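Have a look at the structure below, then the notes.
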Amino acid sequence: MLNKYLLMKPSLRAAIEWALLIAVGLPCYMTNTLMLPFIPMSTTLGTALFAAGMLIHSLSHREHQRAHAKVEEIKSLVTTGIYSKIRHPGYLGVMLAYFGISICFKNIPALAIAFALTILHVLTAIEEEKLLLQKFGKEYEEYMKKVRWRFIPGIY
């Protein structure tokens, strides 16, 4: 069942995840429930993370217009632009946006949801890579050797 969720149509999955994050984080924010300790400039930090995430995500879509398609529907690899630096920029962008929003909400449940969704996106990237290796074989292997980092150059 987890694999089915991980490999579901990305636009449907995004709708579910954003709805979950907002449904949990916003009520806590509005009622000052389970709030994080005061963090100066948390709204600024959260907004900056959200904006950076959306920028990275949009750069991934600029290079790969079919980024929200299932692996089976993708006809060719995209290895240019931001994809020449990291293999999953769309997921990185979404993860940063989730953390940005959760920091703006300033509560523990929203941050917990952002962590959980990040883990799911890492697992999705791993599963997608298995499918891409099956589909594109040597071509994807070479891409993985050339672009070693899934999300953050020099780290992971």
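Chain labels follow the order of the structure tokens: the first chain is A, the next B, and so on; residue numbering restarts at 1 in every chain, and ligands are counted from 1 in their shown order.
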Using only C-alpha atoms, which residues of stretch 95-130 of chain A come within 6 Å of stretch 49-58 of chain A, and what is the closest atom pair for each, with the distance in Å to one decimal? Give it as a Markdown table, sorted by chain and residue number.
```
| residue | atom | partner | partner_atom | distance |
| --- | --- | --- | --- | --- |
| A:Leu96 | CA | A:Gly53 | CA | 4.7 |
| A:Ala97 | CA | A:Phe50 | CA | 3.9 |
| A:Gly100 | CA | A:Phe50 | CA | 4.4 |
```
Using only C-alpha atoms, which of A:Leu132, A:Ile101, A:Leu117, A:Leu36 sits nearest A:Ala48?
A:Ile101
Between atom CA of A:Ser60 and atom CA of A:Arg150 - distance in Å to one decimal:
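About the pair atom CA of A:Arg150 and atom CA of A:Ser60: they are 13.1 Å apart.
Picture a line from atom CA of A:Val122 to atom CA of A:Gly25; it runs 21.9 Å.
Candidate residues A:His61, A:Lys135, A:Lys130, A:Lys4 were compared for distance to A:Ile74, and the nearest is A:Lys135, using only C-alpha atoms.
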Could you pull out all residues of stretch 33-135 of chain A with a DSSP call of alpha helix (DSSP H) and give them as a ChimeraX atom specification?
/A:42-63,89-105,108-135
Using only C-alpha atoms, which residues sit within 12 Å of A:Leu12 once same-chain residues fewer than 5 positions away are excluded, as a VMD selection string?
chain A and resid 5 to 7 17 to 19 68 to 70
Put those residues in a file: N, CA, C and O atoms, as a PDB file, in the first residue's frame.
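Resulting contents of result-v5.pdb:
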```
ATOM      1  N   TYR A   5       0.974   4.472  -2.726  1.00  0.00           N
ATOM      2  CA  TYR A   5       0.910   5.901  -2.401  1.00  0.00           C
ATOM      3  C   TYR A   5       2.130   6.627  -2.953  1.00  0.00           C
ATOM      4  O   TYR A   5       2.009   7.695  -3.540  1.00  0.00           O
ATOM      5  N   LEU A   6       3.312   6.045  -2.757  1.00  0.00           N
ATOM      6  CA  LEU A   6       4.541   6.699  -3.199  1.00  0.00           C
ATOM      7  C   LEU A   6       4.538   6.953  -4.704  1.00  0.00           C
ATOM      8  O   LEU A   6       5.063   7.962  -5.164  1.00  0.00           O
ATOM      9  N   LEU A   7       3.950   6.040  -5.448  1.00  0.00           N
ATOM     10  CA  LEU A   7       3.994   6.148  -6.909  1.00  0.00           C
ATOM     11  C   LEU A   7       2.664   6.623  -7.511  1.00  0.00           C
ATOM     12  O   LEU A   7       2.458   6.519  -8.715  1.00  0.00           O
ATOM     13  N   GLU A  17      -1.319  15.937   0.299  1.00  0.00           N
ATOM     14  CA  GLU A  17      -0.295  16.363   1.260  1.00  0.00           C
ATOM     15  C   GLU A  17      -0.470  17.811   1.692  1.00  0.00           C
ATOM     16  O   GLU A  17      -0.363  18.127   2.884  1.00  0.00           O
ATOM     17  N   TRP A  18      -0.753  18.709   0.753  1.00  0.00           N
ATOM     18  CA  TRP A  18      -0.968  20.107   1.121  1.00  0.00           C
ATOM     19  C   TRP A  18      -2.204  20.240   1.996  1.00  0.00           C
ATOM     20  O   TRP A  18      -2.208  20.994   2.981  1.00  0.00           O
ATOM     21  N   ALA A  19      -3.253  19.510   1.655  1.00  0.00           N
ATOM     22  CA  ALA A  19      -4.473  19.561   2.459  1.00  0.00           C
ATOM     23  C   ALA A  19      -4.201  19.078   3.884  1.00  0.00           C
ATOM     24  O   ALA A  19      -4.665  19.691   4.857  1.00  0.00           O
ATOM     25  N   HIS A  68       5.158  15.878 -13.470  1.00  0.00           N
ATOM     26  CA  HIS A  68       4.048  15.359 -12.675  1.00  0.00           C
ATOM     27  C   HIS A  68       3.424  14.117 -13.292  1.00  0.00           C
ATOM     28  O   HIS A  68       2.406  13.633 -12.804  1.00  0.00           O
ATOM     29  N   ALA A  69       4.053  13.594 -14.325  1.00  0.00           N
ATOM     30  CA  ALA A  69       3.556  12.358 -14.933  1.00  0.00           C
ATOM     31  C   ALA A  69       4.116  11.163 -14.158  1.00  0.00           C
ATOM     32  O   ALA A  69       5.131  11.257 -13.481  1.00  0.00           O
ATOM     33  N   LYS A  70       3.438  10.047 -14.273  1.00  0.00           N
ATOM     34  CA  LYS A  70       3.950   8.818 -13.686  1.00  0.00           C
ATOM     35  C   LYS A  70       5.168   8.370 -14.496  1.00  0.00           C
ATOM     36  O   LYS A  70       5.298   8.697 -15.678  1.00  0.00           O
TER      37      LYS A  70
END
```
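Checking A:Glu142, A:Ile39, A:Ser76, A:Leu21 one by one against A:Phe115, counting only C-alpha atoms, you find the shortest gap at A:Leu21.
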May I ask which of the residues A:His121, A:Lys85, A:Lys106, A:Lys145 is the closest one to A:Leu2, counting only C-alpha atoms?
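Of all the options, A:His121 lies closest to A:Leu2.
Nearest to A:Phe105 of all the residues A:Ala67, A:Val24, A:Ile155, A:Ile86 is A:Val24, based on only C-alpha atoms.
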What separation in Å, quoted to one decimal, exists between atom CA of A:Val78 and atom CA of A:Glu129?
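Between atom CA of A:Val78 and atom CA of A:Glu129 the gap works out to 13.4 Å.
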